[in-house]
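Structure data follow from work_23.txt (compact mmCIF, C-alpha atoms):
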```
# COMPACT_ATOMS: atom_id res chain seq x y z
CA MET A 24 146.46 100.48 86.09
CA ARG A 25 145.41 103.16 88.58
CA ALA A 26 146.49 102.93 92.20
CA ILE A 27 147.15 105.10 95.21
CA GLN A 28 150.87 105.66 95.68
CA VAL A 29 152.60 106.92 98.82
CA TYR A 30 155.94 108.48 97.90
CA GLU A 31 156.57 109.99 101.34
CA VAL A 32 154.95 109.43 104.71
CA GLY A 33 152.71 112.10 106.17
CA GLY A 34 149.12 113.27 106.29
CA PRO A 35 146.21 112.24 104.05
CA GLU A 36 147.53 114.51 101.31
CA VAL A 37 150.35 112.03 100.54
CA LEU A 38 147.76 109.60 99.10
CA GLN A 39 148.17 110.26 95.38
CA VAL A 40 146.42 108.59 92.43
CA ALA A 41 149.00 107.32 89.94
CA GLU A 42 149.30 105.14 86.85
CA VAL A 43 151.50 102.16 87.75
CA ASP A 44 152.58 99.00 85.98
CA GLN A 45 150.22 96.05 86.00
CA PRO A 46 151.35 93.56 88.67
CA ARG A 47 152.69 90.20 87.58
CA PRO A 48 152.36 87.07 89.70
CA GLY A 49 155.46 85.37 91.03
CA LEU A 50 155.86 81.94 92.53
CA GLY A 51 152.80 81.14 94.67
CA GLU A 52 151.12 84.48 93.92
CA ALA A 53 147.78 85.48 92.41
CA ILE A 54 146.58 88.68 90.77
CA VAL A 55 143.19 89.83 92.02
CA GLU A 56 140.94 92.43 90.41
CA VAL A 57 139.96 94.50 93.44
CA ALA A 58 136.23 95.08 93.91
CA ALA A 59 136.50 96.82 97.28
CA SER A 60 139.15 97.65 99.88
CA GLY A 61 138.50 98.20 103.56
CA VAL A 62 139.75 101.41 105.17
CA ASN A 63 141.38 100.81 108.56
CA PHE A 64 143.56 102.64 111.06
CA LEU A 65 146.29 100.20 110.02
CA ASP A 66 146.33 102.08 106.69
CA VAL A 67 146.77 105.34 108.59
CA TYR A 68 149.68 103.91 110.58
CA HIS A 69 151.36 102.82 107.31
CA ARG A 70 150.74 106.23 105.73
CA GLU A 71 152.16 108.07 108.73
CA GLY A 72 155.21 105.80 108.90
CA ARG A 73 154.27 104.57 112.36
CA TYR A 74 154.39 101.08 110.85
CA SER A 75 157.02 101.49 108.15
CA LEU A 76 156.80 100.12 104.61
CA PRO A 77 159.40 100.61 101.86
CA LEU A 78 158.63 103.70 99.76
CA PRO A 79 156.85 104.07 97.45
CA PHE A 80 153.99 101.76 98.37
CA ILE A 81 150.32 101.17 97.62
CA PRO A 82 148.33 101.38 100.90
CA GLY A 83 145.37 99.31 101.99
CA ALA A 84 145.62 95.91 103.64
CA GLU A 85 142.11 94.45 103.36
CA GLY A 86 140.36 93.65 100.13
CA ALA A 87 138.09 91.43 98.11
CA GLY A 88 137.80 90.66 94.43
CA THR A 89 138.22 88.10 91.67
CA VAL A 90 141.36 86.12 90.80
CA VAL A 91 142.36 87.00 87.22
CA GLU A 92 145.82 85.41 86.98
CA VAL A 93 147.93 82.95 88.96
CA GLY A 94 151.65 82.32 89.06
CA PRO A 95 153.51 79.03 89.16
CA GLY A 96 152.99 76.78 92.17
CA VAL A 97 149.52 78.10 93.06
CA ALA A 98 147.22 75.39 94.42
CA ASP A 99 144.94 77.27 96.82
CA VAL A 100 142.94 79.31 94.26
CA ALA A 101 142.15 79.41 90.53
CA VAL A 102 141.27 82.08 87.97
CA GLY A 103 137.68 83.18 88.52
CA ASP A 104 137.62 82.51 92.26
CA ARG A 105 136.03 85.13 94.51
CA VAL A 106 138.43 85.85 97.38
CA GLY A 107 139.24 88.16 100.26
CA TRP A 108 142.44 88.87 102.17
CA VAL A 109 143.91 90.90 105.03
CA GLU A 110 147.23 92.32 106.22
CA ILE A 111 148.82 92.38 102.75
CA PRO A 112 149.49 95.96 101.56
CA GLY A 113 148.41 97.02 98.11
CA THR A 114 144.61 97.05 98.01
CA TYR A 115 144.00 100.73 97.11
CA ALA A 116 144.39 99.76 93.46
CA GLU A 117 142.54 98.27 90.53
CA ARG A 118 144.56 95.06 90.88
CA ALA A 119 146.63 93.56 93.67
CA VAL A 120 149.24 90.81 93.87
CA VAL A 121 148.65 88.49 96.84
CA ASP A 122 150.34 85.39 98.23
CA SER A 123 147.77 82.76 97.28
CA SER A 124 148.11 80.99 100.64
CA ARG A 125 146.72 84.13 102.31
CA LEU A 126 143.57 84.30 100.15
CA VAL A 127 140.24 83.36 101.71
CA PRO A 128 137.65 81.86 99.35
CA LEU A 129 134.34 83.70 99.66
CA PRO A 130 131.09 81.76 100.14
CA ASP A 131 128.45 82.45 97.50
CA ASP A 132 126.31 84.39 99.97
CA ILE A 133 129.13 86.77 101.04
CA GLY A 134 129.48 89.74 98.69
CA PHE A 135 132.70 91.58 97.89
CA GLU A 136 131.79 94.65 99.92
CA THR A 137 130.76 92.57 102.93
CA ALA A 138 134.05 90.66 102.79
CA ALA A 139 136.12 93.83 102.41
CA ALA A 140 134.21 95.39 105.29
CA VAL A 141 134.34 92.53 107.77
CA LEU A 142 137.41 90.33 107.30
CA LEU A 143 140.10 92.37 109.03
CA GLN A 144 137.98 93.81 111.81
CA GLY A 145 135.86 90.67 112.10
CA MET A 146 138.86 88.39 112.56
CA THR A 147 140.40 90.95 114.92
CA ALA A 148 137.22 90.92 117.00
CA HIS A 149 137.29 87.11 116.84
CA TYR A 150 140.74 86.73 118.39
CA LEU A 151 140.10 89.54 120.88
CA VAL A 152 137.02 87.91 122.41
CA LYS A 153 138.15 84.30 121.92
CA ASP A 154 141.89 84.42 122.67
CA ALA A 155 143.21 87.74 124.00
CA TYR A 156 140.48 87.63 126.66
CA PRO A 157 137.89 84.83 126.35
CA VAL A 158 134.64 86.65 127.12
CA GLN A 159 132.30 84.68 129.36
CA GLY A 160 128.59 85.05 129.94
CA GLY A 161 128.05 87.60 132.71
CA ASP A 162 131.26 89.58 132.06
CA THR A 163 130.86 93.34 132.03
CA VAL A 164 133.25 94.76 129.44
CA LEU A 165 134.35 98.28 128.53
CA VAL A 166 134.66 98.97 124.78
CA HIS A 167 136.13 102.31 123.74
CA ALA A 168 134.89 103.98 120.54
CA ALA A 169 131.94 101.61 120.55
CA ALA A 170 130.32 103.20 117.48
CA GLY A 171 133.36 102.85 115.24
CA GLY A 172 133.75 100.00 112.78
CA MET A 173 135.73 97.92 115.25
CA GLY A 174 133.69 98.98 118.26
CA LEU A 175 130.37 98.00 116.70
CA LEU A 176 131.64 94.52 115.86
CA LEU A 177 133.09 94.02 119.34
CA THR A 178 129.89 95.22 120.98
CA GLN A 179 127.80 92.81 118.93
CA LEU A 180 130.09 89.84 119.60
CA ILE A 181 130.44 90.45 123.33
CA THR A 182 126.65 90.71 123.60
CA HIS A 183 126.27 87.55 121.49
CA LEU A 184 128.58 85.73 123.93
CA GLY A 185 126.49 86.80 126.90
CA GLY A 186 128.60 89.74 128.05
CA ARG A 187 127.39 93.20 129.06
CA VAL A 188 128.98 96.14 127.24
CA ILE A 189 129.71 99.59 128.61
CA GLY A 190 130.73 101.64 125.59
CA THR A 191 132.30 105.04 125.14
CA THR A 192 131.44 107.37 122.25
CA SER A 193 132.02 111.02 121.42
CA THR A 194 128.46 112.04 120.47
CA THR A 195 124.86 111.20 121.33
CA ALA A 196 124.25 110.03 117.75
CA LYS A 197 127.11 107.56 118.07
CA ALA A 198 125.78 106.49 121.47
CA GLU A 199 122.51 105.49 119.82
CA LEU A 200 124.40 103.38 117.29
CA ALA A 201 126.31 101.63 120.08
CA LYS A 202 123.07 100.91 121.93
CA ARG A 203 121.48 99.46 118.79
CA ALA A 204 124.52 97.18 118.51
CA GLY A 205 123.82 95.89 122.02
CA ALA A 206 125.64 98.19 124.44
CA ALA A 207 123.89 98.18 127.82
CA GLU A 208 125.38 101.53 128.84
CA VAL A 209 127.12 104.26 126.85
CA ILE A 210 129.30 107.03 128.26
CA LEU A 211 129.86 110.25 126.32
CA SER A 212 133.59 110.60 126.87
CA SER A 213 133.44 114.38 126.32
CA ALA A 214 130.80 114.79 129.03
CA VAL A 215 132.55 113.21 132.03
CA ASP A 216 135.63 114.33 133.95
CA ASP A 217 136.28 110.95 135.56
CA LEU A 218 135.70 108.24 132.95
CA ALA A 219 136.90 105.40 135.18
CA GLY A 220 134.71 106.63 138.01
CA GLU A 221 131.68 106.63 135.72
CA VAL A 222 132.50 103.09 134.54
CA ARG A 223 132.66 101.86 138.13
CA ARG A 224 129.42 103.66 138.98
CA LEU A 225 127.68 101.85 136.12
CA ASN A 226 129.08 98.56 137.40
CA GLY A 227 127.89 98.84 140.98
CA GLY A 228 131.10 100.45 142.20
CA GLN A 229 133.26 97.57 140.97
CA GLY A 230 136.06 97.45 138.43
CA LEU A 231 135.80 95.38 135.27
CA PRO A 232 137.46 92.11 134.28
CA VAL A 233 138.57 93.49 130.90
CA VAL A 234 138.79 96.64 128.80
CA PHE A 235 139.11 96.53 125.00
CA ASP A 236 140.97 99.70 124.02
CA GLY A 237 141.69 100.60 120.40
CA VAL A 238 142.07 104.32 121.10
CA GLY A 239 145.41 104.32 122.90
CA ALA A 240 146.97 107.47 124.33
CA HIS A 241 143.76 109.31 125.24
CA THR A 242 142.12 106.40 127.03
CA PHE A 243 144.99 104.33 128.45
CA ASP A 244 144.97 105.77 131.98
CA ALA A 245 141.18 105.51 132.29
CA SER A 246 141.30 101.97 130.96
CA LEU A 247 143.73 100.86 133.66
CA ALA A 248 141.73 102.67 136.34
CA SER A 249 138.52 100.91 135.22
CA LEU A 250 139.86 97.42 135.96
CA ARG A 251 139.27 95.27 139.01
CA THR A 252 142.05 93.39 140.78
CA ARG A 253 143.68 90.97 138.29
CA GLY A 254 141.82 92.65 135.43
CA HIS A 255 143.01 92.62 131.82
CA LEU A 256 143.66 95.55 129.49
CA VAL A 257 143.57 94.49 125.83
CA LEU A 258 145.22 97.37 123.95
CA PHE A 259 144.67 96.56 120.28
CA GLY A 260 145.07 99.96 118.62
CA ALA A 261 146.22 103.56 118.91
CA ALA A 262 143.67 105.70 117.09
CA SER A 263 144.57 108.71 119.29
CA GLY A 264 148.31 108.05 119.21
CA ALA A 265 150.76 105.67 120.80
CA VAL A 266 150.75 105.14 124.57
CA PRO A 267 153.85 106.80 126.09
CA PRO A 268 156.37 104.57 127.91
CA PHE A 269 155.31 103.74 131.46
CA ASP A 270 156.70 101.89 134.48
CA PRO A 271 155.25 98.36 134.63
CA ILE A 272 154.98 98.72 138.42
CA ARG A 273 151.73 100.57 137.64
CA LEU A 274 150.21 97.22 136.82
CA ALA A 275 151.11 95.88 140.24
CA HIS A 276 149.84 98.98 142.01
CA GLY A 277 146.57 98.76 140.05
CA GLY A 278 145.89 95.30 141.46
CA SER A 279 148.13 92.82 139.61
CA LEU A 280 146.74 93.89 136.26
CA THR A 281 147.77 92.37 132.94
CA LEU A 282 148.32 94.20 129.66
CA ILE A 283 148.42 92.64 126.22
CA ARG A 284 149.22 94.47 122.96
CA PRO A 285 148.15 91.87 120.37
CA SER A 286 148.29 91.98 116.58
CA LEU A 287 146.06 90.09 114.14
CA GLY A 288 148.99 88.66 112.18
CA ASP A 289 150.03 86.51 115.12
CA PHE A 290 146.53 85.01 115.34
CA ILE A 291 146.24 84.05 111.64
CA ALA A 292 149.84 82.90 111.27
CA ASP A 293 149.04 79.68 109.44
CA ARG A 294 146.47 79.03 106.73
CA SER A 295 144.31 76.69 108.81
CA GLU A 296 143.89 79.33 111.52
CA LEU A 297 143.20 82.03 108.91
CA LEU A 298 140.46 79.96 107.29
CA ARG A 299 138.98 78.90 110.64
CA ARG A 300 138.62 82.48 111.87
CA ALA A 301 137.27 83.67 108.52
CA ALA A 302 134.70 80.87 108.47
CA ASP A 303 133.51 81.81 111.96
CA VAL A 304 133.21 85.47 110.94
CA PHE A 305 131.21 84.59 107.83
CA GLU A 306 128.91 82.38 109.91
CA TRP A 307 128.37 85.23 112.39
CA VAL A 308 127.44 87.49 109.46
CA ARG A 309 125.15 84.81 108.05
CA SER A 310 123.38 84.30 111.40
CA LYS A 311 123.13 88.09 112.01
CA ALA A 312 125.27 87.84 115.15
CA LEU A 313 127.39 90.39 113.26
CA GLU A 314 125.76 93.05 111.14
CA VAL A 315 128.18 94.86 108.87
CA THR A 316 127.41 98.53 108.29
CA VAL A 317 129.17 100.21 105.36
CA THR A 318 128.69 103.94 105.86
CA GLY A 319 131.08 105.37 103.29
CA ARG A 320 132.27 104.42 99.80
CA TYR A 321 135.12 106.37 98.23
CA ALA A 322 136.65 106.27 94.77
CA LEU A 323 140.45 105.92 94.50
CA SER A 324 140.68 109.67 93.96
CA GLU A 325 138.87 110.18 97.30
CA ALA A 326 141.16 107.98 99.42
CA ALA A 327 142.66 111.02 101.16
CA GLN A 328 139.16 112.14 102.15
CA ALA A 329 138.41 108.66 103.52
CA HIS A 330 141.48 108.90 105.76
CA SER A 331 140.58 112.43 106.86
CA ASP A 332 137.05 111.36 107.75
CA LEU A 333 138.29 108.30 109.66
CA GLU A 334 140.91 110.20 111.65
CA ALA A 335 138.54 113.05 112.50
CA ARG A 336 136.04 110.50 113.86
CA ARG A 337 133.38 111.91 111.53
CA THR A 338 132.31 108.41 110.62
CA THR A 339 130.67 105.33 112.10
CA GLY A 340 130.67 101.79 110.79
CA LYS A 341 132.97 100.78 107.92
CA LEU A 342 134.52 102.77 105.09
CA LEU A 343 135.49 101.29 101.73
CA VAL A 344 137.66 102.39 98.82
CA VAL A 345 136.05 101.16 95.60
CA PRO A 346 138.43 101.27 92.60
CA ASP A 347 135.53 101.29 90.12
CA ALA A 348 134.10 104.74 90.85
CA ALA A 349 131.16 104.12 88.51
CA ALA A 350 130.09 101.24 90.73
CA ILE A 351 129.54 103.68 93.59
CA GLY A 352 127.07 105.65 91.48
CA ARG A 353 125.26 102.53 90.34
CA ARG A 354 124.81 101.33 93.95
CA GLU A 355 123.66 104.75 95.14
CA GLU A 356 121.05 104.89 92.37
CA THR A 357 119.82 101.41 93.31
CA GLN A 358 119.61 102.29 97.02
CA SER A 359 117.84 105.65 96.51
```

The structure in this file should be written as structure tokens.
Amino acid sequence: MRAIQVYEVGGPEVLQVAEVDQPRPGLGEAIVEVAASGVNFLDVYHREGRYSLPLPFIPGAEGAGTVVEVGPGVADVAVGDRVGWVEIPGTYAERAVVDSSRLVPLPDDIGFETAAAVLLQGMTAHYLVKDAYPVQGGDTVLVHAAAGGMGLLLTQLITHLGGRVIGTTSTTAKAELAKRAGAAEVILSSAVDDLAGEVRRLNGGQGLPVVFDGVGAHTFDASLASLRTRGHLVLFGAASGAVPPFDPIRLAHGGSLTLIRPSLGDFIADRSELLRRAADVFEWVRSKALEVTVTGRYALSEAAQAHSDLEARRTTGKLLVVPDAAAIGRREETQS
């Protein structure tokens, strides 16, 4: 079968299309024919070696497709089932081997592309607003990169829960997207010298109860400075690079602030929690509380371009790698 192989860590150019052996299911495993794979910064971190995986590896950790084979001891799924999954590397391929206990059955009204576009970021948004910091009606919240795939989902959910979103974006076009998603205010980060000062100005001179920051190094200082006394910084990503080491006394000096660096895996650790969060995300999609926007579809041979576009912040919404390149053409013809 065809798959993307990473033989050495590095830039997008290390994503190489290769012919590899068909996977075989082991105990408790299923083979899934991949219909679509979500593109996430997690994939970039794996490719760069920031989060290390044994070489060589097939990248991609979010996918959806059809079960075509099961191994011994599988009770959660059967051949023919439509499923999705997250945080299991190996989705940039025509087929993937997945622990069957980590597969999420897809409702009939949730398509493969929707599942591949929403599961990882949707469940991340779920635990961020429900557990990392439970957003309450009336909260004013700062969301960095509010027009990105993750930012758009967070903005919609916070608004749905009765919160008020101040978003940051890099362009006016992205600002319009964030506003359509529900952001009350949007700051062009390139147009202000004092981001935290602008946040406080938009909040009546007060700091905020929480900042959701998936950008990391470039926004960390402004995020801390935007918080009120006993405010919470939820640092869930590092799109601009890792935050350098810092003295925790800064949190005390900032007003007894708290910092959490959560990871999705710890919030879907058992199957019941995985299925509960996925069910909530699908219901939000069904009710239009979450609208999933797929803005780019790439064939396997274009995976490097997908990473380049994501890292350069040339994109909004969600990007997908679609192993069946012909399917991209068929959809584009239908949509034109």

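The two atoms in question, atom CA of Ala58 of chain A and atom CA of Met24 of chain A, are spaced 14.0 Å apart.
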
May I ask for the distance between atom CA of Ala201 of chain A and atom CA of Thr339 of chain A, given in Å to one decimal place?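 For atom CA of Ala201 of chain A relative to atom CA of Thr339 of chain A, the distance reads 9.8 Å.
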
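Picture a line from atom CA of Gly72 of chain A to atom CA of Gly34 of chain A; it runs 10.0 Å.
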
Problem set entry | Residues near segment 289-298 of chain A, cut-off 10 Å, all atoms listed in the file, skip fewer than 6 positions along chain, as a ChimeraX atom specification | /A:108-110,124-128,146-147,149-151,154-155,304

From the list A:Ala140, A:Ile27, A:Val97, A:Val40, the nearest residue to Phe305 of chain A using all atoms listed in the file is A:Ala140

How big is the axis-aligned box around all listed atoms of segment 127-136 of chain A once 4 Å goes on each side, and where's its centre, in Å to one decimal, as JSON?
```
{"center_x": 133.3, "center_y": 88.2, "center_z": 99.6, "size_x": 21.9, "size_y": 20.9, "size_z": 12.2}
```

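Proximity of A:Gly254, A:Gly340, A:Gly239, A:Gly145 to Leu287 of chain A, computed with all atoms listed in the file, is greatest for A:Gly145.
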
So, counting only C-alpha atoms, which residue among A:Leu200, A:Ala53, A:Val257, A:Val90 is closest to Val166 of chain A?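 Ranking A:Leu200, A:Ala53, A:Val257, A:Val90 by distance to Val166 of chain A, first place goes to A:Val257.
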
With 6 Å as the threshold, what does the neighbourhood of (135.5, 106.3, 124.4) contain in terms of residues, counting all atoms listed in the file? Coordinates are those of the file; answer as JSON, numbers by chain. {"A": [167, 168, 191, 192, 212]}
